[in-house]
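This is run_7.cif (mmCIF, N, CA and C atoms).
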```cif
data_work
#
loop_
_atom_site.label_atom_id
_atom_site.label_comp_id
_atom_site.auth_asym_id
_atom_site.auth_seq_id
_atom_site.Cartn_x
_atom_site.Cartn_y
_atom_site.Cartn_z
N MET A 18 108.30 102.68 109.57
CA MET A 18 108.42 103.88 108.74
C MET A 18 109.22 103.58 107.48
N ALA A 19 110.34 102.87 107.62
CA ALA A 19 111.18 102.55 106.46
C ALA A 19 110.43 101.65 105.49
N THR A 20 109.65 100.71 106.02
CA THR A 20 108.87 99.83 105.16
C THR A 20 107.83 100.61 104.38
N LYS A 21 107.19 101.58 105.02
CA LYS A 21 106.18 102.38 104.33
C LYS A 21 106.83 103.21 103.22
N MET A 22 107.99 103.79 103.49
CA MET A 22 108.70 104.56 102.46
C MET A 22 109.14 103.65 101.31
N TYR A 23 109.58 102.45 101.63
CA TYR A 23 109.97 101.47 100.61
C TYR A 23 108.77 101.12 99.74
N LYS A 24 107.62 100.95 100.37
CA LYS A 24 106.40 100.62 99.62
C LYS A 24 106.03 101.78 98.69
N ILE A 25 106.06 103.00 99.20
CA ILE A 25 105.71 104.17 98.39
C ILE A 25 106.67 104.29 97.21
N LEU A 26 107.95 104.15 97.47
CA LEU A 26 108.96 104.24 96.41
C LEU A 26 108.78 103.14 95.37
N THR A 27 108.50 101.93 95.84
CA THR A 27 108.29 100.80 94.92
C THR A 27 107.08 101.05 94.03
N LEU A 28 105.97 101.43 94.62
CA LEU A 28 104.75 101.66 93.85
C LEU A 28 104.92 102.83 92.88
N PHE A 29 105.52 103.90 93.34
CA PHE A 29 105.74 105.06 92.48
C PHE A 29 106.63 104.67 91.30
N SER A 30 107.69 103.94 91.57
CA SER A 30 108.62 103.54 90.52
C SER A 30 107.95 102.63 89.49
N VAL A 31 107.16 101.68 89.96
CA VAL A 31 106.46 100.78 89.04
C VAL A 31 105.52 101.59 88.14
N GLY A 32 104.75 102.50 88.73
CA GLY A 32 103.83 103.32 87.94
C GLY A 32 104.56 104.20 86.95
N ALA A 33 105.64 104.82 87.39
CA ALA A 33 106.40 105.72 86.51
C ALA A 33 107.02 104.96 85.35
N ILE A 34 107.67 103.86 85.63
CA ILE A 34 108.35 103.09 84.58
C ILE A 34 107.34 102.47 83.62
N CYS A 35 106.30 101.86 84.16
CA CYS A 35 105.30 101.21 83.29
C CYS A 35 104.60 102.21 82.40
N TYR A 36 104.20 103.35 82.95
CA TYR A 36 103.52 104.34 82.12
C TYR A 36 104.47 104.92 81.07
N GLY A 37 105.71 105.15 81.46
CA GLY A 37 106.69 105.64 80.49
C GLY A 37 106.87 104.67 79.33
N PHE A 38 106.98 103.37 79.64
CA PHE A 38 107.11 102.37 78.58
C PHE A 38 105.87 102.30 77.70
N MET A 39 104.68 102.41 78.31
CA MET A 39 103.45 102.39 77.51
C MET A 39 103.42 103.57 76.55
N GLU A 40 103.84 104.72 77.01
CA GLU A 40 103.89 105.89 76.12
C GLU A 40 104.89 105.70 75.00
N ILE A 41 106.04 105.15 75.32
CA ILE A 41 107.06 104.92 74.29
C ILE A 41 106.54 103.93 73.25
N LEU A 42 105.87 102.88 73.70
CA LEU A 42 105.30 101.91 72.76
C LEU A 42 104.22 102.53 71.89
N ASN A 43 103.43 103.43 72.47
CA ASN A 43 102.32 104.04 71.75
C ASN A 43 102.74 105.20 70.87
N ARG A 44 103.56 106.12 71.40
CA ARG A 44 103.92 107.34 70.67
C ARG A 44 105.35 107.36 70.15
N GLY A 45 106.17 106.47 70.67
CA GLY A 45 107.57 106.45 70.27
C GLY A 45 108.47 107.27 71.17
N TYR A 46 107.92 107.99 72.12
CA TYR A 46 108.68 108.80 73.06
C TYR A 46 107.83 109.09 74.28
N SER A 47 108.47 109.61 75.30
CA SER A 47 107.77 110.03 76.51
C SER A 47 108.49 111.25 77.06
N HIS A 48 108.01 111.73 78.18
CA HIS A 48 108.60 112.89 78.85
C HIS A 48 108.67 112.55 80.33
N ILE A 49 109.68 113.03 81.02
CA ILE A 49 109.89 112.71 82.44
C ILE A 49 108.66 113.04 83.29
N THR A 50 107.94 114.08 82.93
CA THR A 50 106.75 114.44 83.71
C THR A 50 105.66 113.37 83.61
N MET A 51 105.66 112.61 82.52
CA MET A 51 104.69 111.53 82.40
C MET A 51 105.02 110.40 83.38
N GLY A 52 106.28 110.22 83.66
CA GLY A 52 106.66 109.26 84.69
C GLY A 52 106.18 109.69 86.06
N VAL A 53 106.29 110.98 86.33
CA VAL A 53 105.81 111.51 87.61
C VAL A 53 104.29 111.31 87.72
N LEU A 54 103.57 111.59 86.65
CA LEU A 54 102.12 111.39 86.68
C LEU A 54 101.77 109.91 86.80
N GLY A 55 102.51 109.05 86.10
CA GLY A 55 102.27 107.61 86.20
C GLY A 55 102.53 107.09 87.60
N GLY A 56 103.61 107.54 88.22
CA GLY A 56 103.91 107.12 89.58
C GLY A 56 102.88 107.60 90.59
N THR A 57 102.47 108.84 90.44
CA THR A 57 101.44 109.40 91.33
C THR A 57 100.13 108.64 91.15
N SER A 58 99.79 108.34 89.92
CA SER A 58 98.56 107.59 89.65
C SER A 58 98.61 106.21 90.29
N MET A 59 99.76 105.56 90.25
CA MET A 59 99.89 104.23 90.86
C MET A 59 99.71 104.31 92.36
N LEU A 60 100.18 105.37 92.99
CA LEU A 60 99.96 105.53 94.43
C LEU A 60 98.47 105.67 94.75
N VAL A 61 97.76 106.42 93.93
CA VAL A 61 96.31 106.58 94.15
C VAL A 61 95.59 105.26 93.91
N ILE A 62 95.99 104.53 92.89
CA ILE A 62 95.39 103.21 92.64
C ILE A 62 95.64 102.30 93.84
N HIS A 63 96.82 102.35 94.41
CA HIS A 63 97.15 101.56 95.60
C HIS A 63 96.24 101.93 96.78
N ILE A 64 96.07 103.21 97.00
CA ILE A 64 95.21 103.66 98.10
C ILE A 64 93.77 103.21 97.87
N MET A 65 93.28 103.42 96.65
CA MET A 65 91.90 103.03 96.33
C MET A 65 91.73 101.51 96.39
N ASN A 66 92.71 100.78 95.93
CA ASN A 66 92.65 99.32 95.98
C ASN A 66 92.59 98.85 97.43
N GLY A 67 93.25 99.56 98.32
CA GLY A 67 93.16 99.24 99.75
C GLY A 67 91.76 99.42 100.30
N GLU A 68 91.00 100.34 99.70
CA GLU A 68 89.62 100.56 100.13
C GLU A 68 88.72 99.37 99.81
N ARG A 69 89.14 98.54 98.86
CA ARG A 69 88.36 97.34 98.55
C ARG A 69 88.29 96.43 99.76
N ARG A 70 89.29 96.52 100.64
CA ARG A 70 89.30 95.72 101.86
C ARG A 70 88.19 96.16 102.81
N ARG A 71 87.67 97.34 102.58
CA ARG A 71 86.57 97.86 103.39
C ARG A 71 85.23 97.72 102.67
N GLY A 72 85.24 97.03 101.54
CA GLY A 72 83.99 96.75 100.83
C GLY A 72 83.70 97.65 99.64
N VAL A 73 84.61 98.54 99.27
CA VAL A 73 84.40 99.39 98.10
C VAL A 73 84.53 98.50 96.86
N SER A 74 83.62 98.67 95.92
CA SER A 74 83.61 97.81 94.73
C SER A 74 84.77 98.12 93.79
N LEU A 75 85.13 97.13 93.00
CA LEU A 75 86.19 97.30 92.02
C LEU A 75 85.83 98.39 91.02
N LEU A 76 84.59 98.44 90.58
CA LEU A 76 84.17 99.47 89.63
C LEU A 76 84.34 100.87 90.21
N SER A 77 84.05 101.01 91.49
CA SER A 77 84.25 102.31 92.15
C SER A 77 85.72 102.68 92.21
N VAL A 78 86.57 101.71 92.50
CA VAL A 78 88.01 101.94 92.54
C VAL A 78 88.49 102.40 91.16
N LEU A 79 88.05 101.72 90.11
CA LEU A 79 88.47 102.06 88.75
C LEU A 79 87.94 103.43 88.34
N ALA A 80 86.70 103.73 88.70
CA ALA A 80 86.12 105.03 88.33
C ALA A 80 86.85 106.18 89.03
N VAL A 81 87.12 106.04 90.31
CA VAL A 81 87.82 107.09 91.05
C VAL A 81 89.25 107.24 90.52
N SER A 82 89.90 106.12 90.25
CA SER A 82 91.27 106.17 89.72
C SER A 82 91.30 106.87 88.36
N ALA A 83 90.37 106.52 87.48
CA ALA A 83 90.31 107.14 86.15
C ALA A 83 90.00 108.64 86.27
N ALA A 84 89.12 109.00 87.18
CA ALA A 84 88.80 110.41 87.39
C ALA A 84 90.02 111.16 87.91
N PHE A 85 90.76 110.55 88.84
CA PHE A 85 91.97 111.19 89.36
C PHE A 85 93.00 111.38 88.25
N ILE A 86 93.23 110.34 87.47
CA ILE A 86 94.22 110.42 86.39
C ILE A 86 93.83 111.52 85.40
N THR A 87 92.55 111.58 85.06
CA THR A 87 92.07 112.61 84.14
C THR A 87 92.28 114.00 84.74
N ALA A 88 92.01 114.13 86.03
CA ALA A 88 92.16 115.42 86.70
C ALA A 88 93.62 115.88 86.74
N ILE A 89 94.54 114.98 87.09
CA ILE A 89 95.94 115.41 87.14
C ILE A 89 96.50 115.62 85.74
N GLU A 90 95.96 114.87 84.78
CA GLU A 90 96.37 115.10 83.39
C GLU A 90 95.95 116.51 82.95
N PHE A 91 94.76 116.91 83.35
CA PHE A 91 94.29 118.25 83.00
C PHE A 91 95.14 119.32 83.69
N LEU A 92 95.36 119.17 84.99
CA LEU A 92 96.15 120.16 85.72
C LEU A 92 97.57 120.25 85.19
N ALA A 93 98.19 119.09 84.96
CA ALA A 93 99.55 119.09 84.42
C ALA A 93 99.56 119.68 83.01
N GLY A 94 98.57 119.34 82.20
CA GLY A 94 98.50 119.86 80.84
C GLY A 94 98.33 121.37 80.80
N GLU A 95 97.48 121.88 81.66
CA GLU A 95 97.28 123.33 81.69
C GLU A 95 98.57 124.04 82.11
N TYR A 96 99.28 123.47 83.07
CA TYR A 96 100.51 124.11 83.52
C TYR A 96 101.66 123.89 82.54
N LEU A 97 101.93 122.63 82.22
CA LEU A 97 103.09 122.32 81.39
C LEU A 97 102.90 122.73 79.92
N ASN A 98 101.75 122.41 79.36
CA ASN A 98 101.52 122.66 77.94
C ASN A 98 101.05 124.08 77.65
N ARG A 99 100.12 124.57 78.43
CA ARG A 99 99.56 125.89 78.17
C ARG A 99 100.41 127.02 78.79
N TYR A 100 100.66 126.91 80.09
CA TYR A 100 101.37 128.00 80.78
C TYR A 100 102.85 128.04 80.40
N LEU A 101 103.52 126.87 80.47
CA LEU A 101 104.96 126.83 80.16
C LEU A 101 105.24 126.63 78.67
N GLY A 102 104.21 126.23 77.92
CA GLY A 102 104.37 126.05 76.47
C GLY A 102 105.24 124.87 76.08
N MET A 103 105.28 123.83 76.90
CA MET A 103 106.15 122.69 76.62
C MET A 103 105.63 121.79 75.50
N GLY A 104 104.32 121.77 75.26
CA GLY A 104 103.75 120.97 74.17
C GLY A 104 104.03 119.48 74.30
N ILE A 105 103.91 118.94 75.49
CA ILE A 105 104.20 117.52 75.72
C ILE A 105 103.15 116.64 75.06
N TRP A 106 101.89 117.00 75.14
CA TRP A 106 100.82 116.27 74.46
C TRP A 106 99.71 117.23 74.08
N SER A 107 98.86 116.75 73.19
CA SER A 107 97.69 117.53 72.78
C SER A 107 96.62 116.58 72.29
N TYR A 108 95.42 116.77 72.78
CA TYR A 108 94.27 116.01 72.33
C TYR A 108 93.38 116.87 71.43
N GLU A 109 93.92 117.94 70.88
CA GLU A 109 93.10 118.85 70.09
C GLU A 109 92.43 118.17 68.91
N GLU A 110 93.04 117.13 68.36
CA GLU A 110 92.47 116.41 67.22
C GLU A 110 91.53 115.28 67.65
N VAL A 111 91.46 115.00 68.93
CA VAL A 111 90.63 113.91 69.44
C VAL A 111 89.24 114.46 69.77
N PRO A 112 88.19 113.76 69.34
CA PRO A 112 86.83 114.23 69.67
C PRO A 112 86.61 114.29 71.19
N LEU A 113 85.72 115.15 71.59
CA LEU A 113 85.31 115.30 72.98
C LEU A 113 86.48 115.67 73.89
N ASN A 114 87.35 116.57 73.40
CA ASN A 114 88.47 117.02 74.22
C ASN A 114 88.10 118.32 74.92
N PHE A 115 88.80 118.60 76.00
CA PHE A 115 88.63 119.86 76.71
C PHE A 115 89.96 120.58 76.71
N ASP A 116 90.01 121.68 76.01
CA ASP A 116 91.20 122.54 75.92
C ASP A 116 92.41 121.79 75.38
N GLY A 117 92.18 120.66 74.70
CA GLY A 117 93.27 119.89 74.13
C GLY A 117 94.10 119.13 75.15
N GLN A 118 93.72 119.18 76.43
CA GLN A 118 94.53 118.58 77.50
C GLN A 118 93.97 117.25 77.99
N ILE A 119 92.66 117.09 77.94
CA ILE A 119 92.01 115.83 78.32
C ILE A 119 90.93 115.55 77.29
N CYS A 120 90.51 114.28 77.23
CA CYS A 120 89.41 113.93 76.33
C CYS A 120 88.70 112.70 76.88
N LEU A 121 87.44 112.58 76.51
CA LEU A 121 86.62 111.48 77.01
C LEU A 121 87.15 110.11 76.59
N PRO A 122 87.58 109.91 75.32
CA PRO A 122 88.09 108.58 74.98
C PRO A 122 89.26 108.13 75.87
N PHE A 123 90.15 109.05 76.22
CA PHE A 123 91.27 108.66 77.07
C PHE A 123 90.85 108.49 78.53
N ALA A 124 89.77 109.09 78.95
CA ALA A 124 89.26 108.82 80.30
C ALA A 124 88.88 107.34 80.41
N PHE A 125 88.33 106.79 79.32
CA PHE A 125 88.01 105.35 79.30
C PHE A 125 89.28 104.50 79.25
N VAL A 126 90.30 104.99 78.54
CA VAL A 126 91.59 104.29 78.53
C VAL A 126 92.15 104.25 79.95
N TRP A 127 92.07 105.36 80.68
CA TRP A 127 92.58 105.40 82.05
C TRP A 127 91.81 104.42 82.94
N PHE A 128 90.52 104.27 82.67
CA PHE A 128 89.71 103.32 83.42
C PHE A 128 90.27 101.91 83.23
N GLY A 129 90.55 101.54 81.97
CA GLY A 129 91.10 100.22 81.69
C GLY A 129 92.50 100.03 82.24
N LEU A 130 93.34 101.06 82.10
CA LEU A 130 94.69 100.96 82.65
C LEU A 130 94.68 100.92 84.17
N SER A 131 93.67 101.50 84.79
CA SER A 131 93.55 101.42 86.25
C SER A 131 93.36 99.98 86.69
N TYR A 132 92.66 99.19 85.88
CA TYR A 132 92.48 97.77 86.21
C TYR A 132 93.84 97.06 86.19
N ILE A 133 94.65 97.36 85.19
CA ILE A 133 95.99 96.80 85.14
C ILE A 133 96.79 97.25 86.37
N GLY A 134 96.60 98.51 86.77
CA GLY A 134 97.26 99.01 87.97
C GLY A 134 96.81 98.28 89.23
N VAL A 135 95.53 97.95 89.31
CA VAL A 135 95.02 97.18 90.45
C VAL A 135 95.65 95.79 90.47
N LEU A 136 95.75 95.16 89.31
CA LEU A 136 96.38 93.84 89.24
C LEU A 136 97.85 93.93 89.67
N ALA A 137 98.55 94.95 89.20
CA ALA A 137 99.95 95.15 89.59
C ALA A 137 100.06 95.40 91.09
N ASP A 138 99.15 96.22 91.62
CA ASP A 138 99.16 96.50 93.06
C ASP A 138 98.92 95.23 93.86
N ASN A 139 97.98 94.40 93.42
CA ASN A 139 97.73 93.14 94.11
C ASN A 139 98.98 92.25 94.11
N PHE A 140 99.66 92.20 92.97
CA PHE A 140 100.88 91.41 92.86
C PHE A 140 101.96 91.94 93.81
N ILE A 141 102.15 93.24 93.81
CA ILE A 141 103.16 93.86 94.68
C ILE A 141 102.81 93.64 96.15
N ARG A 142 101.55 93.82 96.49
CA ARG A 142 101.13 93.61 97.88
C ARG A 142 101.44 92.18 98.33
N ARG A 143 101.09 91.22 97.46
CA ARG A 143 101.20 89.82 97.86
C ARG A 143 102.65 89.32 97.82
N HIS A 144 103.35 89.61 96.74
CA HIS A 144 104.65 88.97 96.54
C HIS A 144 105.84 89.78 97.05
N ILE A 145 105.70 91.07 97.18
CA ILE A 145 106.81 91.87 97.70
C ILE A 145 106.59 92.22 99.17
N PHE A 146 105.38 92.64 99.50
CA PHE A 146 105.12 93.09 100.88
C PHE A 146 104.37 92.08 101.73
N LYS A 147 104.09 90.90 101.16
CA LYS A 147 103.48 89.79 101.91
C LYS A 147 102.16 90.17 102.57
N GLU A 148 101.38 90.97 101.87
CA GLU A 148 100.03 91.31 102.33
C GLU A 148 99.06 90.39 101.61
N TYR A 149 98.08 89.93 102.32
CA TYR A 149 97.09 89.05 101.72
C TYR A 149 95.72 89.70 101.81
N PRO A 150 94.88 89.43 100.83
CA PRO A 150 93.58 90.11 100.80
C PRO A 150 92.68 89.73 101.96
N VAL A 151 91.89 90.67 102.34
CA VAL A 151 90.88 90.45 103.37
C VAL A 151 89.59 90.06 102.67
N ILE A 152 89.00 89.01 103.12
CA ILE A 152 87.71 88.60 102.56
C ILE A 152 86.63 89.26 103.41
N VAL A 153 85.88 90.17 102.80
CA VAL A 153 84.83 90.87 103.52
C VAL A 153 83.50 90.22 103.18
N LYS A 154 82.83 89.70 104.20
CA LYS A 154 81.54 89.05 104.00
C LYS A 154 80.58 89.59 105.05
N ARG A 155 79.61 90.36 104.57
CA ARG A 155 78.62 90.98 105.47
C ARG A 155 79.29 91.78 106.57
N GLY A 156 80.36 92.52 106.19
CA GLY A 156 81.03 93.41 107.12
C GLY A 156 81.98 92.76 108.10
N LYS A 157 82.19 91.44 107.99
CA LYS A 157 83.08 90.75 108.91
C LYS A 157 84.33 90.30 108.16
N GLU A 158 85.50 90.62 108.71
CA GLU A 158 86.76 90.21 108.10
C GLU A 158 87.01 88.74 108.44
N LYS A 159 87.47 87.99 107.42
CA LYS A 159 87.72 86.57 107.61
C LYS A 159 89.19 86.24 107.85
N ILE A 160 90.13 87.00 107.23
CA ILE A 160 91.55 86.78 107.45
C ILE A 160 92.24 88.12 107.64
N PRO A 161 93.40 88.13 108.28
CA PRO A 161 94.08 89.42 108.51
C PRO A 161 94.56 90.08 107.23
N ALA A 162 94.71 91.39 107.28
CA ALA A 162 95.13 92.17 106.11
C ALA A 162 96.59 91.90 105.76
N THR A 163 97.42 91.66 106.74
CA THR A 163 98.83 91.38 106.47
C THR A 163 99.25 90.15 107.25
N VAL A 164 100.18 89.43 106.69
CA VAL A 164 100.73 88.27 107.35
C VAL A 164 102.24 88.39 107.29
N GLY A 165 102.89 88.18 108.40
CA GLY A 165 104.36 88.20 108.35
C GLY A 165 105.00 89.22 109.19
#
```

Is it possible to express this structure as structure tokens?
Amino acid sequence: MATKMYKILTLFSVGAICYGFMEILNRGYSHITMGVLGGTSMLVIHIMNGERRRGVSLLSVLAVSAAFITAIEFLAGEYLNRYLGMGIWSYEEVPLNFDGQICLPFAFVWFGLSYIGVLADNFIRRHIFKEYPVIVKRGKEKIPATVG
């Protein structure tokens, strides 16, 4: 149980910090809620990346992750920006936006960043938690999911 909580905290922290830094590099500032969304997104990427061990394709993992990120961005935007009036972000000037909270170009950005998240998750799994990938060939596992 403690190991699972440590893993969740580690993944959440990596997602929160990395996304916060990316926002600061891109916009010059960030907001604490973006760290929460980044951490939550990293947990979903971790879960989806685990599904690859069951034969789910990388493209499917990235598509589901990008869709999740877009969905929570919309929900958070509607609540934080519209309902509470915090004005944390706005895509109103970006083409193909919906209510200024999400937009198609950034859905593709989330797709690409999800790949970086998968790479980070693989690194964390292997080097921190000593998990090794399962090679799935015609439905048969070749090595164990975890070692140690």

Find the residue from A:Met39, A:Gly32, A:Val135, A:Glu68 that sits nearest to Gly52 (chain A); use all atoms listed in the file when measuring.
A:Gly32

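Computed from the coordinates, the atom C of Phe38 (chain A) to CA of Gln118 (chain A) distance equals 19.8 Å.
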
Of the candidates A:Ile105, A:Leu97, A:Ala137, A:Ala83, which one gets nearest to Pro122 (chain A) if we count only C-alpha atoms?
A:Ala83

Wanna dump the region 96-121 of chain A-region 87-90 of chain A contacts at 8 Å for me, each residue with its shortest atom pair and the distance in Å to one decimal, counting only N, CA and C atoms, ordered by chain and number, as a Markdown table?
```
| residue | atom | partner | partner_atom | distance |
| --- | --- | --- | --- | --- |
| A:Tyr96 | N | A:Glu90 | C | 7.7 |
| A:Gln118 | C | A:Glu90 | C | 5.4 |
| A:Ile119 | N | A:Glu90 | C | 6.0 |
| A:Cys120 | N | A:Thr87 | CA | 7.3 |
```

Using the chain letters and numbers from this document, which residues of region 28-164 of chain A does DSSP assign to helix (DSSP H, G or I), as a PyMOL selection string?
chain A and resi 28-44+49-71+75-100+121-145

Any chance you could resolve the PyMOL selection byres (((chain A and resi 57-62 and name CA) around 12) and name CA) against this file and give the residues as an MDAnalysis selection string?
chainID A and resid 22 24:36 50:56 63:69 75 77:90 127:128 130:139 141

Which value, in Å to one decimal, gives the distance between atom C of Phe125 (chain A) and atom N of Ile49 (chain A)?
22.2 Å

What does the distance from CA of Tyr108 (chain A) to CA of Glu40 (chain A) come to in Å, to one decimal?
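CA of Glu40 (chain A) lies 14.5 Å from CA of Tyr108 (chain A).
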
Hey, what does DSSP flag as strand (DSSP E or B) within chain A? Can you give it to me as a PyMOL selection string?
chain A and resi 114-115+119-120+148+153-154+157-158+163

Could you tell me, as a VMD selection string, exactly which residues end up selected when the PyMOL selection byres ((chain A and resi 117) around 8) is applied to this structure?
chain A and resid 91 94 to 95 106 to 111 113 to 116 118 to 120
